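Asks: So here's structure_32.cif, just mmCIF, C-alpha atoms and all ligand atoms:
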```
data_model
loop_
_atom_site.label_atom_id
_atom_site.label_comp_id
_atom_site.auth_asym_id
_atom_site.auth_seq_id
_atom_site.Cartn_x
_atom_site.Cartn_y
_atom_site.Cartn_z
CA MET A 1 -34.59 27.65 -5.80
CA ALA A 2 -32.31 26.74 -2.92
CA GLU A 3 -34.03 25.54 0.21
CA ASN A 4 -32.80 26.85 3.52
CA MET A 5 -31.32 24.43 6.13
CA ILE A 6 -32.93 21.21 5.05
CA ALA A 7 -32.89 17.88 6.91
CA LEU A 8 -30.21 15.40 5.96
CA GLU A 9 -32.75 12.87 4.66
CA ARG A 10 -34.19 15.49 2.34
CA ALA A 11 -30.70 16.38 1.11
CA GLN A 12 -29.89 12.71 0.53
CA ALA A 13 -33.12 12.24 -1.42
CA ILE A 14 -32.34 15.26 -3.61
CA VAL A 15 -28.82 13.99 -4.35
CA LEU A 16 -30.08 10.49 -5.16
CA GLU A 17 -32.76 11.91 -7.47
CA HIS A 18 -29.98 13.43 -9.52
CA VAL A 19 -27.77 10.39 -10.04
CA ARG A 20 -28.40 7.33 -12.18
CA PRO A 21 -26.57 4.01 -12.41
CA THR A 22 -23.62 4.33 -14.79
CA ASP A 23 -23.45 2.45 -18.06
CA VAL A 24 -22.65 -1.23 -18.03
CA GLU A 25 -19.27 -2.80 -18.71
CA THR A 26 -18.23 -6.41 -18.55
CA VAL A 27 -15.52 -7.62 -16.21
CA ALA A 28 -14.10 -11.01 -15.32
CA ALA A 29 -16.49 -12.69 -12.87
CA TRP A 30 -13.86 -12.68 -10.12
CA ARG A 31 -13.29 -8.96 -10.58
CA ALA A 32 -16.94 -8.34 -9.86
CA VAL A 33 -16.47 -9.43 -6.25
CA GLY A 34 -18.22 -6.94 -3.98
CA LEU A 35 -20.21 -5.44 -6.86
CA PRO A 36 -23.86 -5.87 -7.81
CA LEU A 37 -24.57 -7.60 -11.12
CA ALA A 38 -26.18 -5.35 -13.72
CA GLN A 39 -28.13 -8.26 -15.26
CA ASP A 40 -29.22 -11.77 -14.32
CA ALA A 41 -26.51 -14.38 -14.91
CA LEU A 42 -27.89 -17.54 -16.56
CA THR A 43 -26.25 -20.93 -16.68
CA ASP A 44 -25.84 -22.53 -20.12
CA ILE A 45 -25.73 -26.06 -18.62
CA ASP A 46 -27.34 -27.98 -15.76
CA LEU A 47 -25.35 -27.45 -12.56
CA SER A 48 -24.01 -29.94 -11.99
CA PRO A 49 -24.35 -31.33 -15.52
CA PHE A 50 -24.59 -34.98 -14.41
CA ALA A 51 -25.40 -37.02 -11.32
CA ASN A 52 -22.08 -37.65 -9.60
CA SER A 53 -20.59 -39.43 -6.68
CA ALA A 54 -20.16 -37.66 -3.35
CA MET A 55 -17.56 -40.23 -2.23
CA ASP A 56 -14.69 -42.37 -3.43
CA GLY A 57 -16.22 -45.87 -3.50
CA TYR A 58 -18.31 -48.26 -5.58
CA ALA A 59 -21.32 -47.47 -7.73
CA LEU A 60 -23.85 -50.32 -7.74
CA ARG A 61 -27.51 -51.31 -7.80
CA SER A 62 -29.00 -50.73 -4.35
CA ALA A 63 -31.17 -53.83 -4.72
CA ASP A 64 -28.10 -56.05 -5.11
CA ILE A 65 -26.89 -55.44 -1.57
CA ALA A 66 -30.27 -54.98 0.13
CA ALA A 67 -29.70 -58.17 2.13
CA ALA A 68 -26.01 -57.55 2.91
CA SER A 69 -24.97 -57.80 6.58
CA ALA A 70 -21.82 -58.56 8.58
CA GLU A 71 -22.99 -62.17 8.90
CA ALA A 72 -24.05 -62.50 5.27
CA PRO A 73 -21.83 -60.25 3.12
CA VAL A 74 -22.62 -59.75 -0.55
CA THR A 75 -19.85 -59.91 -3.16
CA LEU A 76 -20.08 -58.01 -6.47
CA GLU A 77 -17.82 -58.19 -9.54
CA VAL A 78 -15.91 -54.99 -10.25
CA VAL A 79 -16.47 -54.41 -13.98
CA GLY A 80 -14.86 -51.03 -14.45
CA HIS A 81 -13.58 -47.88 -12.84
CA GLU A 82 -13.95 -44.15 -13.19
CA ALA A 83 -11.26 -41.62 -12.46
CA ALA A 84 -11.17 -37.89 -13.16
CA GLY A 85 -12.10 -37.45 -16.81
CA HIS A 86 -12.31 -41.24 -17.40
CA VAL A 87 -15.92 -42.34 -17.70
CA PHE A 88 -17.26 -45.92 -17.58
CA ALA A 89 -19.24 -46.24 -20.77
CA GLY A 90 -21.11 -49.46 -19.93
CA THR A 91 -24.11 -50.19 -17.75
CA VAL A 92 -23.83 -51.58 -14.24
CA GLY A 93 -25.72 -54.88 -14.31
CA GLU A 94 -26.92 -57.25 -11.62
CA GLY A 95 -24.08 -58.46 -9.42
CA GLN A 96 -21.74 -55.74 -10.71
CA ALA A 97 -20.03 -52.65 -9.29
CA VAL A 98 -17.86 -49.87 -10.72
CA ARG A 99 -15.12 -48.20 -8.78
CA ILE A 100 -15.81 -44.44 -8.71
CA MET A 101 -14.08 -41.28 -7.52
CA THR A 102 -15.73 -38.22 -5.95
CA GLY A 103 -17.33 -36.02 -8.60
CA ALA A 104 -17.28 -38.69 -11.32
CA PRO A 105 -20.57 -39.36 -13.17
CA VAL A 106 -22.70 -42.13 -11.74
CA PRO A 107 -22.69 -44.83 -14.47
CA ALA A 108 -25.89 -46.05 -16.09
CA GLY A 109 -27.63 -48.78 -14.12
CA ALA A 110 -26.15 -47.75 -10.76
CA ASP A 111 -28.37 -46.01 -8.19
CA ALA A 112 -26.17 -45.90 -5.08
CA VAL A 113 -22.55 -45.42 -4.06
CA VAL A 114 -20.90 -47.17 -1.09
CA LYS A 115 -17.83 -45.44 0.24
CA TYR A 116 -14.48 -47.17 -0.16
CA GLU A 117 -13.88 -47.49 3.59
CA ASP A 118 -16.98 -49.72 3.93
CA VAL A 119 -15.89 -52.18 1.25
CA THR A 120 -13.45 -55.10 1.36
CA VAL A 121 -11.61 -55.73 -1.89
CA GLU A 122 -10.66 -59.25 -2.88
CA GLY A 123 -8.40 -60.31 -5.72
CA GLY A 124 -6.51 -57.45 -7.27
CA ASP A 125 -6.28 -53.66 -6.96
CA GLY A 126 -9.98 -52.92 -6.60
CA ASN A 127 -10.48 -52.08 -10.29
CA GLU A 128 -11.69 -54.38 -13.08
CA GLY A 129 -11.19 -58.04 -12.21
CA SER A 130 -11.46 -57.55 -8.46
CA ARG A 131 -14.40 -58.42 -6.24
CA ALA A 132 -15.94 -56.01 -3.77
CA VAL A 133 -17.52 -57.29 -0.57
CA PHE A 134 -20.38 -55.36 1.10
CA ARG A 135 -21.54 -55.85 4.70
CA ALA A 136 -24.45 -53.41 4.81
CA PRO A 137 -27.18 -52.22 2.45
CA ALA A 138 -27.21 -48.78 0.82
CA PRO A 139 -30.47 -46.98 -0.01
CA VAL A 140 -31.22 -45.72 -3.52
CA GLY A 141 -29.49 -42.38 -3.99
CA ALA A 142 -26.86 -43.00 -1.30
CA ASN A 143 -23.83 -40.74 -1.84
CA ILE A 144 -25.17 -39.51 -5.18
CA ARG A 145 -25.40 -35.79 -5.95
CA GLU A 146 -28.26 -35.29 -8.38
CA ALA A 147 -27.80 -33.41 -11.66
CA GLY A 148 -29.10 -29.83 -11.67
CA LEU A 149 -28.99 -29.54 -7.89
CA GLU A 150 -27.75 -25.94 -8.10
CA ALA A 151 -29.60 -24.82 -11.23
CA ARG A 152 -31.10 -26.09 -14.47
CA LYS A 153 -29.82 -24.98 -17.87
CA GLY A 154 -31.18 -21.50 -18.67
CA GLU A 155 -31.95 -20.62 -15.06
CA ALA A 156 -30.43 -17.62 -13.28
CA VAL A 157 -27.66 -18.53 -10.87
CA MET A 158 -27.51 -14.89 -9.74
CA ARG A 159 -29.97 -12.03 -10.10
CA ALA A 160 -29.38 -8.44 -11.22
CA GLY A 161 -28.54 -6.38 -8.14
CA GLU A 162 -27.10 -9.32 -6.21
CA VAL A 163 -23.64 -8.54 -4.88
CA VAL A 164 -21.05 -11.04 -6.14
CA SER A 165 -19.25 -12.87 -3.35
CA ALA A 166 -16.03 -14.84 -3.83
CA ALA A 167 -18.05 -18.07 -3.78
CA GLY A 168 -20.43 -16.45 -6.24
CA ALA A 169 -17.55 -15.80 -8.65
CA GLY A 170 -16.96 -19.56 -8.63
CA LEU A 171 -20.66 -20.24 -9.23
CA LEU A 172 -20.63 -17.81 -12.17
CA ALA A 173 -17.63 -19.63 -13.65
CA SER A 174 -19.46 -22.98 -13.33
CA ALA A 175 -22.37 -21.41 -15.18
CA GLY A 176 -20.05 -20.43 -18.04
CA CYS A 177 -20.16 -16.73 -17.13
CA MET A 178 -16.51 -15.83 -17.55
CA GLU A 179 -17.44 -12.17 -17.78
CA VAL A 180 -20.35 -10.43 -16.11
CA PRO A 181 -21.98 -7.02 -16.58
CA VAL A 182 -21.54 -4.43 -13.83
CA HIS A 183 -22.11 -0.69 -13.67
CA ARG A 184 -18.71 0.88 -14.26
CA ALA A 185 -16.99 2.83 -11.52
CA PRO A 186 -18.27 6.40 -11.69
CA VAL A 187 -15.50 8.94 -12.18
CA VAL A 188 -15.57 11.41 -9.31
CA GLY A 189 -13.62 14.62 -9.80
CA ILE A 190 -12.05 16.03 -6.64
CA ILE A 191 -11.00 19.67 -6.33
CA SER A 192 -9.57 21.54 -3.34
CA LEU A 193 -10.38 25.22 -2.97
CA GLY A 194 -8.52 27.79 -0.91
CA THR A 195 -5.69 30.26 -1.48
CA GLU A 196 -4.01 28.94 1.68
CA ILE A 197 -4.07 25.30 0.53
CA VAL A 198 -0.78 23.81 -0.70
CA ALA A 199 0.06 20.35 -2.04
CA PRO A 200 1.09 17.81 0.62
CA ASP A 201 4.63 17.62 -0.77
CA ALA A 202 5.20 21.29 0.11
CA VAL A 203 6.32 22.46 3.52
CA PRO A 204 3.63 25.03 4.27
CA ALA A 205 4.70 28.61 4.87
CA PHE A 206 3.10 30.48 7.76
CA GLY A 207 -0.65 30.61 7.16
CA GLN A 208 -0.65 27.85 4.58
CA ILE A 209 -2.38 24.48 5.07
CA ARG A 210 -1.53 21.18 3.42
CA ASP A 211 -4.29 19.72 1.29
CA ALA A 212 -5.61 16.92 3.48
CA ASN A 213 -9.12 16.86 2.01
CA ALA A 214 -8.19 15.75 -1.49
CA SER A 215 -6.55 12.59 -0.15
CA ALA A 216 -9.34 11.87 2.33
CA LEU A 217 -12.02 12.39 -0.31
CA MET A 218 -10.18 10.41 -3.00
CA ALA A 219 -9.84 7.55 -0.51
CA SER A 220 -13.51 7.85 0.43
CA ALA A 221 -14.50 7.84 -3.25
CA LEU A 222 -12.38 4.77 -3.91
CA ALA A 223 -13.80 2.97 -0.87
CA ALA A 224 -17.33 3.79 -2.05
CA GLY A 225 -16.66 2.16 -5.43
CA ALA A 226 -15.78 5.20 -7.55
CA GLU A 227 -12.74 6.05 -9.62
CA PRO A 228 -11.48 9.29 -8.08
CA ARG A 229 -9.69 11.83 -10.28
CA PHE A 230 -7.88 14.81 -8.79
CA PHE A 231 -8.15 18.08 -10.70
CA GLY A 232 -5.94 20.17 -8.42
CA ILE A 233 -6.08 23.04 -5.98
CA ALA A 234 -7.67 26.33 -6.96
CA PRO A 235 -7.14 29.58 -5.05
CA ASP A 236 -10.14 31.62 -3.93
CA ASP A 237 -10.55 33.21 -7.32
CA GLU A 238 -13.87 32.85 -9.03
CA ASP A 239 -12.53 32.52 -12.57
CA THR A 240 -9.99 29.85 -11.65
CA ILE A 241 -12.58 27.89 -9.67
CA CYS A 242 -15.02 28.20 -12.54
CA LYS A 243 -12.55 26.91 -15.12
CA LEU A 244 -11.43 23.96 -13.02
CA VAL A 245 -14.91 22.86 -11.99
CA LEU A 246 -16.20 23.11 -15.57
CA GLU A 247 -13.22 21.11 -16.80
CA ALA A 248 -13.98 18.41 -14.24
CA ALA A 249 -17.69 18.39 -15.11
CA GLU A 250 -16.82 17.59 -18.72
CA SER A 251 -15.24 14.24 -17.94
CA CYS A 252 -16.73 13.18 -14.60
CA ASP A 253 -19.92 11.56 -13.37
CA MET A 254 -19.84 13.76 -10.27
CA VAL A 255 -17.69 16.65 -9.09
CA VAL A 256 -16.82 17.24 -5.43
CA THR A 257 -15.05 20.32 -4.12
CA SER A 258 -13.97 21.12 -0.59
CA GLY A 259 -13.48 24.62 0.75
CA GLY A 260 -15.07 27.91 -0.01
CA ALA A 261 -18.56 26.59 0.53
CA SER A 262 -19.76 28.80 3.35
CA ALA A 263 -20.77 32.42 3.10
CA GLY A 264 -17.37 33.95 3.85
CA ASP A 265 -15.76 36.75 1.86
CA TYR A 266 -13.87 34.30 -0.34
CA ASP A 267 -16.53 31.64 -0.71
CA TYR A 268 -17.43 31.58 -4.37
CA VAL A 269 -18.79 28.09 -4.84
CA THR A 270 -22.48 28.76 -4.28
CA ALA A 271 -22.39 31.99 -6.28
CA PHE A 272 -20.61 30.29 -9.15
CA MET A 273 -23.07 27.39 -9.12
CA ARG A 274 -26.02 29.77 -9.11
CA ARG A 275 -24.64 31.46 -12.18
CA GLU A 276 -23.39 28.45 -14.16
CA GLY A 277 -25.69 25.66 -13.00
CA GLU A 278 -28.56 25.00 -10.65
CA VAL A 279 -28.32 25.01 -6.85
CA LEU A 280 -30.70 22.53 -5.19
CA PHE A 281 -29.66 23.16 -1.60
CA ASP A 282 -26.86 25.00 0.13
CA ARG A 283 -27.37 24.29 3.82
CA ILE A 284 -28.10 21.17 5.84
CA SER A 285 -29.19 20.91 9.44
CA MET A 286 -26.14 18.86 10.38
CA ARG A 287 -22.93 19.23 12.32
CA PRO A 288 -20.30 18.86 11.06
CA GLY A 289 -21.12 19.79 7.49
CA LYS A 290 -23.74 22.53 7.56
CA ALA A 291 -22.45 24.46 4.55
CA ILE A 292 -22.92 22.01 1.71
CA THR A 293 -23.93 23.12 -1.74
CA PHE A 294 -25.48 20.61 -4.10
CA GLY A 295 -26.67 21.18 -7.61
CA THR A 296 -26.12 20.26 -11.20
CA LEU A 297 -23.63 21.75 -13.59
CA ARG A 298 -24.03 20.97 -17.30
CA GLY A 299 -26.16 18.01 -16.13
CA VAL A 300 -23.44 16.69 -13.82
CA PRO A 301 -24.12 16.42 -10.07
CA PHE A 302 -21.93 18.81 -8.12
CA LEU A 303 -21.26 18.66 -4.39
CA GLY A 304 -19.49 21.59 -2.73
CA LEU A 305 -18.32 20.59 0.74
CA SER A 306 -16.98 22.93 3.35
CA GLY A 307 -13.23 22.92 3.84
CA ASN A 308 -13.08 21.84 7.45
CA PRO A 309 -11.64 18.35 7.12
CA ALA A 310 -14.18 16.61 9.37
CA ALA A 311 -17.06 18.48 7.75
CA ALA A 312 -15.85 17.56 4.28
CA TYR A 313 -15.45 13.92 5.30
CA VAL A 314 -18.85 13.58 6.97
CA GLY A 315 -20.52 15.47 4.12
CA PHE A 316 -18.99 13.06 1.61
CA GLU A 317 -19.97 10.07 3.73
CA MET A 318 -23.58 11.20 4.03
CA LEU A 319 -24.17 12.46 0.49
CA ALA A 320 -21.51 11.38 -2.01
CA ARG A 321 -21.13 7.81 -0.82
CA PRO A 322 -24.81 6.87 -1.27
CA ALA A 323 -24.73 8.58 -4.67
CA ILE A 324 -21.67 6.60 -5.76
CA ARG A 325 -23.28 3.37 -4.58
CA LYS A 326 -26.43 4.15 -6.53
CA MET A 327 -24.31 4.82 -9.63
CA ARG A 328 -22.64 1.44 -9.08
CA GLY A 329 -26.03 -0.26 -8.91
CA PHE A 330 -26.16 -1.07 -5.21
CA ALA A 331 -29.60 -1.36 -3.64
CA ASP A 332 -28.36 -0.79 -0.09
CA LEU A 333 -27.40 2.84 0.31
CA THR A 334 -27.40 3.42 4.05
CA ARG A 335 -24.82 2.40 6.62
CA PRO A 336 -25.98 0.18 9.46
CA VAL A 337 -27.13 2.05 12.55
CA GLN A 338 -26.44 0.35 15.85
CA GLN A 339 -27.78 1.19 19.29
CA ALA A 340 -25.16 1.40 22.03
CA ARG A 341 -25.01 2.62 25.62
CA VAL A 342 -23.20 5.95 25.79
CA LEU A 343 -20.56 6.10 28.53
CA HIS A 344 -20.89 9.82 29.28
CA ASP A 345 -23.24 12.78 28.95
CA VAL A 346 -23.53 14.26 25.47
CA ARG A 347 -24.17 17.97 25.51
CA LYS A 348 -25.51 19.94 22.59
CA ARG A 349 -25.17 23.64 22.05
CA GLN A 350 -27.02 24.01 18.77
CA ASP A 351 -30.29 23.00 17.22
CA ARG A 352 -28.75 21.12 14.28
CA ARG A 353 -28.44 17.35 14.18
CA PHE A 354 -25.02 16.27 15.40
CA TYR A 355 -22.88 13.45 14.11
CA ASN A 356 -20.18 13.14 16.72
CA ARG A 357 -17.10 11.07 16.02
CA ALA A 358 -17.15 8.14 18.39
CA HIS A 359 -16.02 4.59 18.96
CA VAL A 360 -18.39 1.74 19.67
CA GLU A 361 -17.17 -1.51 21.17
CA ARG A 362 -18.30 -4.46 23.24
CA ASP A 363 -17.70 -4.17 26.97
CA GLY A 364 -15.24 -6.94 27.86
CA GLU A 365 -17.15 -7.96 30.98
CA THR A 366 -20.84 -7.46 30.23
CA GLY A 367 -20.68 -8.03 26.44
CA GLU A 368 -22.86 -4.96 26.03
CA LEU A 369 -22.28 -2.45 23.22
CA VAL A 370 -20.91 0.79 24.57
CA VAL A 371 -19.94 4.00 22.80
CA ARG A 372 -17.58 6.80 23.71
CA GLU A 373 -17.08 10.07 21.86
CA ALA A 374 -13.70 11.24 20.60
CA HIS A 375 -11.97 13.62 22.99
CA SER A 376 -12.61 16.51 20.60
CA GLN A 377 -15.26 17.25 17.97
CA ASN A 378 -13.16 20.03 16.44
CA SER A 379 -13.85 19.98 12.69
CA ALA A 380 -10.22 20.61 11.84
CA LEU A 381 -9.16 17.23 13.23
CA LEU A 382 -8.93 14.18 10.99
CA GLY A 383 -7.17 11.98 13.57
CA THR A 384 -10.36 11.66 15.59
CA LEU A 385 -12.19 10.46 12.47
CA HIS A 386 -9.38 8.07 11.69
CA HIS A 387 -9.91 6.45 15.09
CA ALA A 388 -13.71 6.61 14.99
CA ASN A 389 -15.78 3.65 13.83
CA CYS A 390 -19.12 5.40 14.12
CA LEU A 391 -20.89 8.72 14.17
CA LEU A 392 -23.01 9.14 17.27
CA MET A 393 -26.23 10.81 16.17
CA VAL A 394 -27.86 13.46 18.34
CA PRO A 395 -31.17 14.54 16.79
CA GLU A 396 -32.28 18.08 16.00
CA GLY A 397 -33.50 20.09 18.95
CA PRO A 398 -32.07 21.02 22.30
CA ALA A 399 -31.74 17.52 23.74
CA GLY A 400 -28.49 15.70 24.36
CA TYR A 401 -27.94 12.38 26.09
CA ALA A 402 -27.22 11.33 29.64
CA ALA A 403 -24.60 8.70 30.46
CA GLY A 404 -26.23 5.28 30.18
CA ASP A 405 -28.70 6.23 27.41
CA GLU A 406 -29.07 3.96 24.39
CA VAL A 407 -27.97 6.06 21.43
CA PRO A 408 -27.91 5.52 17.64
CA CYS A 409 -24.46 5.05 16.09
CA VAL A 410 -23.92 5.13 12.33
CA ARG A 411 -21.25 2.51 11.65
CA ILE A 412 -18.90 4.10 9.15
CA ASP A 413 -16.63 1.04 9.21
CA VAL A 414 -19.31 -1.44 8.14
CA GLU A 415 -20.69 -1.83 4.64
CA GLU A 416 -24.25 -0.91 3.79
CA GLY A 417 -26.61 -3.87 4.01
CA THR A 418 -24.60 -5.66 6.70
CA VAL A 419 -26.74 -7.18 9.46
CA LEU A 420 -25.14 -6.42 12.83
P1 LIG B 501 -13.45 26.98 4.07
O1 LIG B 501 -14.58 26.03 3.85
O2 LIG B 501 -12.78 27.37 2.81
O3 LIG B 501 -13.92 28.18 4.88
O4 LIG B 501 -12.36 26.24 4.96
C1 LIG B 501 -12.59 25.92 6.31
C2 LIG B 501 -11.31 25.47 6.96
O5 LIG B 501 -10.86 24.27 6.37
C3 LIG B 501 -10.16 26.45 6.85
O6 LIG B 501 -9.46 26.45 8.05
C4 LIG B 501 -9.32 25.85 5.74
O7 LIG B 501 -7.97 26.21 5.85
C5 LIG B 501 -9.52 24.39 5.93
N1 LIG B 501 -9.37 23.68 4.66
C6 LIG B 501 -9.95 24.04 3.52
N2 LIG B 501 -9.60 23.19 2.53
C7 LIG B 501 -8.76 22.31 3.07
C8 LIG B 501 -8.04 21.17 2.56
N3 LIG B 501 -8.14 20.83 1.26
N4 LIG B 501 -7.27 20.46 3.39
C9 LIG B 501 -7.18 20.82 4.71
N5 LIG B 501 -7.84 21.85 5.24
C10 LIG B 501 -8.61 22.61 4.45
MG MG B 502 -11.55 28.81 2.30
#
```
For the structure just supplied, provide its representation as structure tokens.

Replies:
Amino acid sequence: MAENMIALERAQAIVLEHVRPTDVETVAAWRAVGLPLAQDALTDIDLSPFANSAMDGYALRSADIAAASAEAPVTLEVVGHEAAGHVFAGTVGEGQAVRIMTGAPVPAGADAVVKYEDVTVEGGDGNEGSRAVFRAPAPVGANIREAGLEARKGEAVMRAGEVVSAAGAGLLASAGCMEVPVHRAPVVGIISLGTEIVAPDAVPAFGQIRDANASALMASALAAGAEPRFFGIAPDDEDTICKLVLEAAESCDMVVTSGGASAGDYDYVTAFMRREGEVLFDRISMRPGKAITFGTLRGVPFLGLSGNPAAAYVGFEMLARPAIRKMRGFADLTRPVQQARVLHDVRKRQDRRFYNRAHVERDGETGELVVREAHSQNSALLGTLHHANCLLMVPEGPAGYAAGDEVPCVRIDVEEGTVL
């Protein structure tokens, strides 16, 4: 049974109850950047696999130079060298040193590294056959990076649900994880409804409107982590709508329509969904975006947004985006909300909760966060949304805000989980 005018949080909960993470695919670790891992990633070796030098210098026995000073320098015999990929196979004995490069394994017997700049070389090029003179002691472990500092063999370097960063892609590679499992991009079918709607490459005749919503919603779907697929424009004809939506439901993880969602003479979406699927709600206490139908069709979540471009956009942002993120495996599903001082009165004419397009910024002089609404909240305008970085929330009820009030702003330009 459809509920009448439900709160946004209730609507979001209903939508999220009806989507599951998609199946898992493997992608190159670097391609997983920005995505949560579907499983723990384990390293098959110690990271790093061996104790190595943090400096270019000489590996030696700390005890040998314990008494070294400027007045009484200590001289060691250079018995070998290590360069990238060339390892000293012997053991560093008493009175001996091995020349070593950054990252090279610390040879057996050595327990400290003295950096090159602090050493005077005598007789030769500093490699085998030279002598190295030390004027200060070095404690055990000096300039040595221990083995397994990052992780031990078999340990997880990244947990399921953790979002892969660029640095993380490098860590995964070190751990031998060339490919990692992620939840595949859900396919989101987009359909535009309305007899007056024409493709953007047409010059609209009088009374016709170019399809702006399909592009805005495809872009929103892409930005949310989905693979959008456009199924076309259907006129306000129940059979045509029915055929197109059912076709989309066959191959998509979610279907989103815009237009025809209210209770007008030509609004067939809710009726069609009642007949062919299940309607879970058809009205939300929100502006823009009151007339939103959600349900399931052949087991596929279906979201019918109203055609007003701003309403369709905000409806997608509030309901489809969290759903897509859940399907992708993200744990964080809500945009950051920031408090800012509103620069003008905010009046409210209706009981519904308002999400007014607005722009938040830092005042150049005081450093304080301030927010200003777009000049118009007309639902037909996409330009105001294009310039907005937040939705200023005015709660249900008669209240508005007075200039100077601290008000909540949903940051639509900042990713979920970001700490502001
Ligand atoms: P509807 O939800 O069908 O009543 O549409 C509400 C308003 O949005 C009408 O003015 C439509 O012309 C407009 N509209 C509907 N679909 C689109 C679309 N795909 N692109 C731009 N405007 C649209
Ligand atoms: Mg219409």

Asks: Return as a PDB file with C-alpha atoms, in the coordinates of the input the residues of protein, DNA or RNA that approach ligand LIG 501 (chain B) to within 10 Å, with only C-alpha atoms and all ligand atoms taken into account.

Replies:
```pdb
ATOM      1  CA  ILE A 191     -11.000  19.670  -6.330  1.00  0.00           C
ATOM      2  CA  SER A 192      -9.570  21.540  -3.340  1.00  0.00           C
ATOM      3  CA  LEU A 193     -10.380  25.220  -2.970  1.00  0.00           C
ATOM      4  CA  GLY A 194      -8.520  27.790  -0.910  1.00  0.00           C
ATOM      5  CA  THR A 195      -5.690  30.260  -1.480  1.00  0.00           C
ATOM      6  CA  GLU A 196      -4.010  28.940   1.680  1.00  0.00           C
ATOM      7  CA  ILE A 197      -4.070  25.300   0.530  1.00  0.00           C
ATOM      8  CA  VAL A 198      -0.780  23.810  -0.700  1.00  0.00           C
ATOM      9  CA  ALA A 199       0.060  20.350  -2.040  1.00  0.00           C
ATOM     10  CA  PRO A 200       1.090  17.810   0.620  1.00  0.00           C
ATOM     11  CA  GLY A 207      -0.650  30.610   7.160  1.00  0.00           C
ATOM     12  CA  GLN A 208      -0.650  27.850   4.580  1.00  0.00           C
ATOM     13  CA  ILE A 209      -2.380  24.480   5.070  1.00  0.00           C
ATOM     14  CA  ARG A 210      -1.530  21.180   3.420  1.00  0.00           C
ATOM     15  CA  ASP A 211      -4.290  19.720   1.290  1.00  0.00           C
ATOM     16  CA  ALA A 212      -5.610  16.920   3.480  1.00  0.00           C
ATOM     17  CA  ASN A 213      -9.120  16.860   2.010  1.00  0.00           C
ATOM     18  CA  ALA A 214      -8.190  15.750  -1.490  1.00  0.00           C
ATOM     19  CA  SER A 215      -6.550  12.590  -0.150  1.00  0.00           C
ATOM     20  CA  ALA A 216      -9.340  11.870   2.330  1.00  0.00           C
ATOM     21  CA  LEU A 217     -12.020  12.390  -0.310  1.00  0.00           C
ATOM     22  CA  GLY A 232      -5.940  20.170  -8.420  1.00  0.00           C
ATOM     23  CA  ILE A 233      -6.080  23.040  -5.980  1.00  0.00           C
ATOM     24  CA  ALA A 234      -7.670  26.330  -6.960  1.00  0.00           C
ATOM     25  CA  PRO A 235      -7.140  29.580  -5.050  1.00  0.00           C
ATOM     26  CA  ASP A 236     -10.140  31.620  -3.930  1.00  0.00           C
ATOM     27  CA  THR A 257     -15.050  20.320  -4.120  1.00  0.00           C
ATOM     28  CA  SER A 258     -13.970  21.120  -0.590  1.00  0.00           C
ATOM     29  CA  GLY A 259     -13.480  24.620   0.750  1.00  0.00           C
ATOM     30  CA  GLY A 260     -15.070  27.910  -0.010  1.00  0.00           C
ATOM     31  CA  ALA A 261     -18.560  26.590   0.530  1.00  0.00           C
ATOM     32  CA  SER A 262     -19.760  28.800   3.350  1.00  0.00           C
ATOM     33  CA  ALA A 263     -20.770  32.420   3.100  1.00  0.00           C
ATOM     34  CA  GLY A 264     -17.370  33.950   3.850  1.00  0.00           C
ATOM     35  CA  ASP A 265     -15.760  36.750   1.860  1.00  0.00           C
ATOM     36  CA  TYR A 266     -13.870  34.300  -0.340  1.00  0.00           C
ATOM     37  CA  ASP A 267     -16.530  31.640  -0.710  1.00  0.00           C
ATOM     38  CA  TYR A 268     -17.430  31.580  -4.370  1.00  0.00           C
ATOM     39  CA  VAL A 269     -18.790  28.090  -4.840  1.00  0.00           C
ATOM     40  CA  GLY A 289     -21.120  19.790   7.490  1.00  0.00           C
ATOM     41  CA  ALA A 291     -22.450  24.460   4.550  1.00  0.00           C
ATOM     42  CA  ILE A 292     -22.920  22.010   1.710  1.00  0.00           C
ATOM     43  CA  GLY A 304     -19.490  21.590  -2.730  1.00  0.00           C
ATOM     44  CA  LEU A 305     -18.320  20.590   0.740  1.00  0.00           C
ATOM     45  CA  SER A 306     -16.980  22.930   3.350  1.00  0.00           C
ATOM     46  CA  GLY A 307     -13.230  22.920   3.840  1.00  0.00           C
ATOM     47  CA  ASN A 308     -13.080  21.840   7.450  1.00  0.00           C
ATOM     48  CA  PRO A 309     -11.640  18.350   7.120  1.00  0.00           C
ATOM     49  CA  ALA A 310     -14.180  16.610   9.370  1.00  0.00           C
ATOM     50  CA  ALA A 311     -17.060  18.480   7.750  1.00  0.00           C
ATOM     51  CA  ALA A 312     -15.850  17.560   4.280  1.00  0.00           C
ATOM     52  CA  SER A 379     -13.850  19.980  12.690  1.00  0.00           C
ATOM     53  CA  ALA A 380     -10.220  20.610  11.840  1.00  0.00           C
ATOM     54  CA  LEU A 381      -9.160  17.230  13.230  1.00  0.00           C
ATOM     55  CA  LEU A 382      -8.930  14.180  10.990  1.00  0.00           C
TER      56      LEU A 382
END
```

Asks: Just how far from CA of Leu392 in chain A is CA of Val360 in chain A, in Å to one decimal?

Replies: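 That distance, rounded to one decimal, is 9.0 Å.
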
Asks: Hey, can you check how far CA of Val279 in chain A sits from CA of Pro21 in chain A?

Replies: 21.8 Å

Asks: Rounded to one decimal, what separation in Å do you get between CA of Phe316 in chain A and CA of Val300 in chain A?

Replies: 16.5 Å
